[in-house]
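**Student:** Take a look at data-v3.tsv, TSV, C-alpha atoms:
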```
chain	number	residue	atom	x	y	z
A	10	MET	CA	-60.69	5.30	-24.96
A	11	SER	CA	-59.21	7.90	-22.61
A	12	GLN	CA	-60.71	6.41	-19.44
A	13	GLU	CA	-59.08	3.13	-20.39
A	14	ASN	CA	-55.76	4.99	-20.69
A	15	VAL	CA	-56.11	6.38	-17.17
A	16	ALA	CA	-56.93	2.87	-15.90
A	17	LEU	CA	-53.86	1.46	-17.71
A	18	VAL	CA	-51.54	4.05	-16.15
A	19	GLN	CA	-53.06	3.49	-12.70
A	20	ALA	CA	-52.60	-0.26	-13.14
A	21	ALA	CA	-48.93	0.30	-14.04
A	22	TYR	CA	-48.42	2.37	-10.88
A	23	ASP	CA	-50.19	-0.29	-8.81
A	24	ALA	CA	-47.99	-3.02	-10.31
A	25	PHE	CA	-44.83	-1.01	-9.62
A	26	ALA	CA	-45.97	-0.46	-6.01
A	27	ARG	CA	-46.39	-4.18	-5.43
A	28	GLY	CA	-43.06	-5.01	-7.10
A	29	ASP	CA	-44.59	-6.58	-10.21
A	30	GLY	CA	-42.11	-5.30	-12.79
A	31	ALA	CA	-43.31	-7.82	-15.37
A	32	ALA	CA	-46.80	-6.28	-15.34
A	33	VAL	CA	-45.36	-2.78	-15.73
A	34	LEU	CA	-43.22	-3.87	-18.69
A	35	ALA	CA	-46.17	-5.70	-20.27
A	36	ALA	CA	-48.11	-2.42	-20.36
A	37	MET	CA	-45.38	-0.89	-22.55
A	38	ASP	CA	-45.28	-0.87	-26.32
A	39	PRO	CA	-42.19	-2.73	-27.61
A	40	GLY	CA	-40.90	0.56	-29.03
A	41	ILE	CA	-41.59	2.73	-25.99
A	42	VAL	CA	-39.45	5.86	-25.75
A	43	TRP	CA	-38.77	6.70	-22.09
A	44	ASN	CA	-37.10	9.91	-20.89
A	45	GLU	CA	-36.05	10.74	-17.36
A	46	ALA	CA	-35.98	14.43	-16.40
A	47	GLU	CA	-32.87	16.30	-17.51
A	48	ASN	CA	-30.23	16.15	-14.74
A	49	PHE	CA	-32.04	13.31	-12.92
A	50	PRO	CA	-29.55	10.62	-11.85
A	51	TYR	CA	-30.85	8.15	-14.47
A	52	ALA	CA	-31.13	10.61	-17.37
A	53	ASP	CA	-27.70	9.48	-18.56
A	54	GLY	CA	-29.41	6.81	-20.70
A	55	ASN	CA	-32.04	9.04	-22.32
A	56	PRO	CA	-33.88	8.06	-24.32
A	57	TYR	CA	-34.43	4.52	-23.14
A	58	VAL	CA	-36.00	2.63	-26.03
A	59	GLY	CA	-37.92	-0.57	-25.34
A	60	PRO	CA	-39.14	-2.14	-22.10
A	61	MET	CA	-35.87	-3.93	-21.32
A	62	ALA	CA	-33.90	-0.69	-21.60
A	63	VAL	CA	-36.32	0.88	-19.10
A	64	ALA	CA	-36.10	-2.15	-16.81
A	65	GLU	CA	-32.31	-2.15	-16.74
A	66	GLY	CA	-31.54	1.56	-17.02
A	67	VAL	CA	-34.24	2.91	-14.71
A	68	PHE	CA	-36.10	0.34	-12.63
A	69	GLY	CA	-33.05	-1.79	-11.82
A	70	ARG	CA	-31.10	1.25	-10.73
A	71	ILE	CA	-33.97	2.52	-8.59
A	72	GLY	CA	-34.07	-0.85	-6.80
A	73	ALA	CA	-30.31	-0.80	-6.28
A	74	ASP	CA	-30.14	2.80	-5.08
A	75	TRP	CA	-33.33	3.41	-3.10
A	76	GLU	CA	-35.28	1.84	-0.29
A	77	GLY	CA	-39.05	2.24	-0.36
A	78	PHE	CA	-38.97	4.34	-3.53
A	79	HIS	CA	-42.49	5.11	-4.73
A	80	LEU	CA	-44.68	7.82	-6.20
A	81	VAL	CA	-47.57	9.13	-4.16
A	82	ILE	CA	-50.09	10.04	-6.86
A	83	GLU	CA	-52.11	13.13	-6.04
A	84	THR	CA	-53.86	13.56	-9.40
A	85	LEU	CA	-54.26	11.68	-12.68
A	86	LEU	CA	-55.29	13.94	-15.55
A	87	ASP	CA	-57.04	12.49	-18.58
A	88	ALA	CA	-56.00	14.15	-21.84
A	89	GLY	CA	-57.23	11.53	-24.28
A	90	GLY	CA	-54.16	9.77	-25.65
A	91	ILE	CA	-52.06	11.37	-22.91
A	92	VAL	CA	-52.28	10.85	-19.14
A	93	VAL	CA	-50.54	13.19	-16.71
A	94	ALA	CA	-49.74	12.05	-13.17
A	95	LEU	CA	-48.94	14.61	-10.49
A	96	GLY	CA	-47.47	13.56	-7.17
A	97	ARG	CA	-44.40	13.16	-5.02
A	98	TYR	CA	-41.48	10.74	-5.06
A	99	ARG	CA	-40.69	9.28	-1.69
A	100	GLY	CA	-37.93	6.95	-0.60
A	101	ARG	CA	-34.57	6.72	1.17
A	102	ASN	CA	-31.27	6.60	-0.64
A	103	LYS	CA	-29.35	3.48	0.40
A	104	ALA	CA	-25.90	5.04	0.13
A	105	THR	CA	-26.61	8.28	2.01
A	106	SER	CA	-29.66	7.35	4.14
A	107	THR	CA	-31.18	10.64	2.95
A	108	GLU	CA	-34.95	10.82	2.54
A	109	LEU	CA	-36.48	11.99	-0.73
A	110	ASP	CA	-39.79	13.88	-0.89
A	111	ALA	CA	-39.75	15.47	-4.35
A	112	GLN	CA	-42.53	16.99	-6.42
A	113	SER	CA	-42.99	15.03	-9.67
A	114	ALA	CA	-45.02	14.93	-12.85
A	115	HIS	CA	-45.19	12.08	-15.34
A	116	VAL	CA	-46.55	12.40	-18.86
A	117	TRP	CA	-47.66	9.13	-20.48
A	118	TRP	CA	-48.56	8.76	-24.17
A	119	LEU	CA	-50.73	5.77	-25.04
A	120	SER	CA	-51.93	4.11	-28.23
A	121	ALA	CA	-53.83	0.89	-28.85
A	122	GLY	CA	-53.80	-0.03	-25.15
A	123	LYS	CA	-50.03	0.33	-24.69
A	124	ILE	CA	-47.73	2.98	-23.25
A	125	THR	CA	-45.72	4.36	-26.16
A	126	ARG	CA	-43.84	7.24	-24.56
A	127	PHE	CA	-42.98	8.57	-21.09
A	128	GLN	CA	-41.53	11.85	-19.83
A	129	GLN	CA	-40.60	12.50	-16.22
A	130	TYR	CA	-40.40	15.95	-14.61
A	131	THR	CA	-39.18	16.24	-11.02
A	132	ASP	CA	-37.06	18.12	-8.52
A	133	THR	CA	-33.73	16.88	-9.86
A	134	TYR	CA	-31.72	18.95	-7.39
A	135	GLN	CA	-33.34	17.18	-4.44
A	136	ALA	CA	-32.89	13.75	-6.04
A	137	ARG	CA	-29.20	14.37	-6.77
A	138	ALA	CA	-28.64	15.77	-3.27
A	139	ALA	CA	-30.29	12.72	-1.68
A	140	ALA	CA	-28.09	10.47	-3.81
A	141	GLY	CA	-24.97	12.39	-2.80
A	142	SER	CA	-24.19	13.36	-6.40
A	143	LEU	CA	-24.12	17.16	-6.23
```
Could you take the file, read its structure, and then write that structure out as structure tokens?
**Tutor:**
Amino acid sequence: MSQENVALVQAAYDAFARGDGAAVLAAMDPGIVWNEAENFPYADGNPYVGPMAVAEGVFGRIGADWEGFHLVIETLLDAGGIVVALGRYRGRNKATSTELDAQSAHVWWLSAGKITRFQQYTDTYQARAAAGSL
């Protein structure tokens, strides 16, 4: 089952990259628990519970605040029911015009073909500086 989990996470990243939010949300379990990294600009809503909470509290804010925001995936690690993605966030903050190039790690928990939990780890200092919120 673990290779299917890696494929599901990759498909979610691919959907996000092409702007297909509906496909990303469809990959989530209805009770997903989503946590942004402590001190990240969108961690104020932690934990986000359910796909709509993630869509509004995270994805909607990313779209409003950033231009070209994306994750460049360097490695996907298969850990059975957990998938770890290592990479870098890239984008430009709309308010400050500051570029972001921050190291990031995502931990995805999966069960029965759905994403049940997410934890982000990233360079929160750089993200807050780019957003002008230091």
**Student:** What is the CA of Trp75 in chain A to CA of Tyr22 in chain A distance in Å?
**Tutor:**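 Answer for the CA of Trp75 in chain A to CA of Tyr22 in chain A separation: 17.0 Å.
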**Student:** Would you kindly return, as a ChimeraX atom specification, each protein, DNA or RNA residue with an atom no farther than 7 Å from any atom of range 49-66 of chain A, considering all atoms listed in the file and excluding same-chain residues fewer than 3 positions away?
**Tutor:** /A:34,37,39-46,69-70,133,136-137
**Student:** Counting all atoms listed in the file, note down every residue that has an atom within 9 Å of the point (-25.1, 8.4, 3.7) (file coordinates), as an mmCIF file with C-alpha atoms, in the frame of the given file.
**Tutor:**
```cif
data_model
loop_
_atom_site.group_PDB
_atom_site.id
_atom_site.type_symbol
_atom_site.label_atom_id
_atom_site.label_comp_id
_atom_site.auth_asym_id
_atom_site.auth_seq_id
_atom_site.Cartn_x
_atom_site.Cartn_y
_atom_site.Cartn_z
ATOM 1 C CA ASN A 102 -31.270 6.600 -0.640
ATOM 2 C CA LYS A 103 -29.350 3.480 0.400
ATOM 3 C CA ALA A 104 -25.900 5.040 0.130
ATOM 4 C CA THR A 105 -26.610 8.280 2.010
ATOM 5 C CA SER A 106 -29.660 7.350 4.140
ATOM 6 C CA THR A 107 -31.180 10.640 2.950
ATOM 7 C CA ALA A 139 -30.290 12.720 -1.680
ATOM 8 C CA ALA A 140 -28.090 10.470 -3.810
ATOM 9 C CA GLY A 141 -24.970 12.390 -2.800
#
```
**Student:** Do you know which residues are at most 8 Å from range 77-91 of chain A counting all atoms listed in the file, after dropping those on the same chain fewer than 3 positions away, and could you put them as a PDB file with C-alpha atoms, in the frame of the given file?
**Tutor:**
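This is the output file result32.pdb:
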```
ATOM      1  CA  MET A  10     -60.690   5.300 -24.960  1.00  0.00           C
ATOM      2  CA  SER A  11     -59.210   7.900 -22.610  1.00  0.00           C
ATOM      3  CA  GLN A  12     -60.710   6.410 -19.440  1.00  0.00           C
ATOM      4  CA  ASN A  14     -55.760   4.990 -20.690  1.00  0.00           C
ATOM      5  CA  VAL A  15     -56.110   6.380 -17.170  1.00  0.00           C
ATOM      6  CA  ALA A  26     -45.970  -0.460  -6.010  1.00  0.00           C
ATOM      7  CA  ILE A  71     -33.970   2.520  -8.590  1.00  0.00           C
ATOM      8  CA  GLY A  72     -34.070  -0.850  -6.800  1.00  0.00           C
ATOM      9  CA  ALA A  94     -49.740  12.050 -13.170  1.00  0.00           C
ATOM     10  CA  LEU A  95     -48.940  14.610 -10.490  1.00  0.00           C
ATOM     11  CA  GLY A  96     -47.470  13.560  -7.170  1.00  0.00           C
ATOM     12  CA  ARG A  97     -44.400  13.160  -5.020  1.00  0.00           C
ATOM     13  CA  TYR A  98     -41.480  10.740  -5.060  1.00  0.00           C
ATOM     14  CA  ARG A  99     -40.690   9.280  -1.690  1.00  0.00           C
ATOM     15  CA  GLY A 100     -37.930   6.950  -0.600  1.00  0.00           C
ATOM     16  CA  ARG A 101     -34.570   6.720   1.170  1.00  0.00           C
ATOM     17  CA  VAL A 116     -46.550  12.400 -18.860  1.00  0.00           C
ATOM     18  CA  TRP A 117     -47.660   9.130 -20.480  1.00  0.00           C
ATOM     19  CA  TRP A 118     -48.560   8.760 -24.170  1.00  0.00           C
ATOM     20  CA  LEU A 119     -50.730   5.770 -25.040  1.00  0.00           C
ATOM     21  CA  SER A 120     -51.930   4.110 -28.230  1.00  0.00           C
TER      22      SER A 120
END
```
**Student:** Work out how far CA of Lys123 in chain A is from CA of Gly30 in chain A, in Å to one decimal.
**Tutor:**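 Taking CA of Gly30 in chain A as the start and CA of Lys123 in chain A as the end point, the length is 15.4 Å.
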**Student:** Looking at A:Ala32, A:Glu76, A:Glu47, A:His115, which one is nearest to Val93 in chain A, with distances taken over all atoms listed in the file?
**Tutor:** A:His115
**Student:** Looking at all atoms listed in the file, which of A:Leu143, A:Ala138, A:Ile124, A:Ala73 is the one that sits closest to Ala35 in chain A?
**Tutor:** A:Ile124
**Student:** Of the residues A:Leu109, A:Ala31, A:Ala114, A:Ala24, which is the one nearest to Tyr134 in chain A, using all atoms listed in the file?
**Tutor:**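 For Tyr134 in chain A, the nearest of the given residues is A:Leu109.
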**Student:** If you measure from CA of Phe68 in chain A to CA of Asp132 in chain A, what distance in Å do you get, rounded to one decimal?
**Tutor:** 18.3 Å
**Student:** Counting only C-alpha atoms, which of A:Asp74, A:Gln128, A:Ser142, A:Ala111 gets nearest to Val92 in chain A?
**Tutor:**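 So, comparing all the options, the nearest one is A:Gln128.
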**Student:** Using the incomplete input, complete range 42-73 of chain A to the level of N, CA and C atoms; output as a PDB file, in the coordinates of the input.
**Tutor:**
```
ATOM      1  N   VAL A  42     -40.540   4.903 -25.894  1.00  0.00           N
ATOM      2  CA  VAL A  42     -39.450   5.860 -25.750  1.00  0.00           C
ATOM      3  C   VAL A  42     -39.634   6.515 -24.380  1.00  0.00           C
ATOM      4  N   TRP A  43     -38.672   6.303 -23.490  1.00  0.00           N
ATOM      5  CA  TRP A  43     -38.770   6.700 -22.090  1.00  0.00           C
ATOM      6  C   TRP A  43     -37.679   7.727 -21.797  1.00  0.00           C
ATOM      7  N   ASN A  44     -38.067   8.872 -21.251  1.00  0.00           N
ATOM      8  CA  ASN A  44     -37.100   9.910 -20.890  1.00  0.00           C
ATOM      9  C   ASN A  44     -37.246  10.294 -19.428  1.00  0.00           C
ATOM     10  N   GLU A  45     -36.140  10.214 -18.709  1.00  0.00           N
ATOM     11  CA  GLU A  45     -36.050  10.740 -17.360  1.00  0.00           C
ATOM     12  C   GLU A  45     -35.804  12.243 -17.454  1.00  0.00           C
ATOM     13  N   ALA A  46     -36.169  12.987 -16.417  1.00  0.00           N
ATOM     14  CA  ALA A  46     -35.980  14.430 -16.400  1.00  0.00           C
ATOM     15  C   ALA A  46     -34.503  14.775 -16.588  1.00  0.00           C
ATOM     16  N   GLU A  47     -34.249  15.841 -17.324  1.00  0.00           N
ATOM     17  CA  GLU A  47     -32.870  16.300 -17.510  1.00  0.00           C
ATOM     18  C   GLU A  47     -32.237  16.522 -16.141  1.00  0.00           C
ATOM     19  N   ASN A  48     -31.014  16.048 -15.981  1.00  0.00           N
ATOM     20  CA  ASN A  48     -30.230  16.150 -14.740  1.00  0.00           C
ATOM     21  C   ASN A  48     -30.678  15.200 -13.642  1.00  0.00           C
ATOM     22  N   PHE A  49     -31.679  14.353 -13.886  1.00  0.00           N
ATOM     23  CA  PHE A  49     -32.040  13.310 -12.920  1.00  0.00           C
ATOM     24  C   PHE A  49     -30.933  12.260 -12.966  1.00  0.00           C
ATOM     25  N   PRO A  50     -30.656  11.576 -11.853  1.00  0.00           N
ATOM     26  CA  PRO A  50     -29.550  10.620 -11.850  1.00  0.00           C
ATOM     27  C   PRO A  50     -29.580   9.559 -12.953  1.00  0.00           C
ATOM     28  N   TYR A  51     -30.770   9.199 -13.454  1.00  0.00           N
ATOM     29  CA  TYR A  51     -30.850   8.150 -14.470  1.00  0.00           C
ATOM     30  C   TYR A  51     -31.073   8.690 -15.875  1.00  0.00           C
ATOM     31  N   ALA A  52     -30.955  10.004 -16.049  1.00  0.00           N
ATOM     32  CA  ALA A  52     -31.130  10.610 -17.370  1.00  0.00           C
ATOM     33  C   ALA A  52     -29.951  10.334 -18.293  1.00  0.00           C
ATOM     34  N   ASP A  53     -28.893   9.750 -17.755  1.00  0.00           N
ATOM     35  CA  ASP A  53     -27.700   9.480 -18.560  1.00  0.00           C
ATOM     36  C   ASP A  53     -27.962   8.487 -19.692  1.00  0.00           C
ATOM     37  N   GLY A  54     -29.073   7.761 -19.642  1.00  0.00           N
ATOM     38  CA  GLY A  54     -29.410   6.810 -20.700  1.00  0.00           C
ATOM     39  C   GLY A  54     -30.502   7.276 -21.632  1.00  0.00           C
ATOM     40  N   ASN A  55     -30.947   8.512 -21.481  1.00  0.00           N
ATOM     41  CA  ASN A  55     -32.040   9.040 -22.320  1.00  0.00           C
ATOM     42  C   ASN A  55     -31.673   9.033 -23.792  1.00  0.00           C
ATOM     43  N   PRO A  56     -32.613   8.705 -24.657  1.00  0.00           N
ATOM     44  CA  PRO A  56     -33.880   8.060 -24.320  1.00  0.00           C
ATOM     45  C   PRO A  56     -33.670   6.560 -24.179  1.00  0.00           C
ATOM     46  N   TYR A  57     -34.410   5.970 -23.267  1.00  0.00           N
ATOM     47  CA  TYR A  57     -34.430   4.520 -23.140  1.00  0.00           C
ATOM     48  C   TYR A  57     -35.472   4.021 -24.143  1.00  0.00           C
ATOM     49  N   VAL A  58     -35.088   3.123 -25.007  1.00  0.00           N
ATOM     50  CA  VAL A  58     -36.000   2.630 -26.030  1.00  0.00           C
ATOM     51  C   VAL A  58     -36.251   1.148 -25.797  1.00  0.00           C
ATOM     52  N   GLY A  59     -37.524   0.814 -25.580  1.00  0.00           N
ATOM     53  CA  GLY A  59     -37.920  -0.570 -25.340  1.00  0.00           C
ATOM     54  C   GLY A  59     -38.026  -0.880 -23.862  1.00  0.00           C
ATOM     55  N   PRO A  60     -38.920  -1.793 -23.509  1.00  0.00           N
ATOM     56  CA  PRO A  60     -39.140  -2.140 -22.100  1.00  0.00           C
ATOM     57  C   PRO A  60     -37.895  -2.639 -21.376  1.00  0.00           C
ATOM     58  N   MET A  61     -37.056  -3.414 -22.020  1.00  0.00           N
ATOM     59  CA  MET A  61     -35.870  -3.930 -21.320  1.00  0.00           C
ATOM     60  C   MET A  61     -34.886  -2.817 -21.008  1.00  0.00           C
ATOM     61  N   ALA A  62     -34.771  -1.831 -21.878  1.00  0.00           N
ATOM     62  CA  ALA A  62     -33.900  -0.690 -21.600  1.00  0.00           C
ATOM     63  C   ALA A  62     -34.403   0.074 -20.381  1.00  0.00           C
ATOM     64  N   VAL A  63     -35.731   0.219 -20.263  1.00  0.00           N
ATOM     65  CA  VAL A  63     -36.320   0.880 -19.100  1.00  0.00           C
ATOM     66  C   VAL A  63     -36.080   0.044 -17.846  1.00  0.00           C
ATOM     67  N   ALA A  64     -36.291  -1.257 -17.954  1.00  0.00           N
ATOM     68  CA  ALA A  64     -36.100  -2.150 -16.810  1.00  0.00           C
ATOM     69  C   ALA A  64     -34.678  -2.083 -16.277  1.00  0.00           C
ATOM     70  N   GLU A  65     -33.715  -2.137 -17.168  1.00  0.00           N
ATOM     71  CA  GLU A  65     -32.310  -2.150 -16.740  1.00  0.00           C
ATOM     72  C   GLU A  65     -31.804  -0.756 -16.376  1.00  0.00           C
ATOM     73  N   GLY A  66     -32.116   0.238 -17.204  1.00  0.00           N
ATOM     74  CA  GLY A  66     -31.540   1.560 -17.020  1.00  0.00           C
ATOM     75  C   GLY A  66     -32.227   2.419 -15.980  1.00  0.00           C
ATOM     76  N   VAL A  67     -33.491   2.100 -15.680  1.00  0.00           N
ATOM     77  CA  VAL A  67     -34.240   2.910 -14.710  1.00  0.00           C
ATOM     78  C   VAL A  67     -34.658   2.051 -13.524  1.00  0.00           C
ATOM     79  N   PHE A  68     -35.540   1.093 -13.743  1.00  0.00           N
ATOM     80  CA  PHE A  68     -36.100   0.340 -12.630  1.00  0.00           C
ATOM     81  C   PHE A  68     -35.046  -0.423 -11.833  1.00  0.00           C
ATOM     82  N   GLY A  69     -34.108  -1.056 -12.516  1.00  0.00           N
ATOM     83  CA  GLY A  69     -33.050  -1.790 -11.820  1.00  0.00           C
ATOM     84  C   GLY A  69     -32.187  -0.878 -10.968  1.00  0.00           C
ATOM     85  N   ARG A  70     -31.912   0.294 -11.476  1.00  0.00           N
ATOM     86  CA  ARG A  70     -31.100   1.250 -10.730  1.00  0.00           C
ATOM     87  C   ARG A  70     -31.866   1.831  -9.541  1.00  0.00           C
ATOM     88  N   ILE A  71     -33.159   2.050  -9.717  1.00  0.00           N
ATOM     89  CA  ILE A  71     -33.970   2.520  -8.590  1.00  0.00           C
ATOM     90  C   ILE A  71     -33.913   1.487  -7.463  1.00  0.00           C
ATOM     91  N   GLY A  72     -34.104   0.216  -7.808  1.00  0.00           N
ATOM     92  CA  GLY A  72     -34.070  -0.850  -6.800  1.00  0.00           C
ATOM     93  C   GLY A  72     -32.720  -0.955  -6.113  1.00  0.00           C
ATOM     94  N   ALA A  73     -31.650  -0.722  -6.858  1.00  0.00           N
ATOM     95  CA  ALA A  73     -30.310  -0.800  -6.280  1.00  0.00           C
ATOM     96  C   ALA A  73     -29.983   0.396  -5.402  1.00  0.00           C
TER      97      ALA A  73
END
```
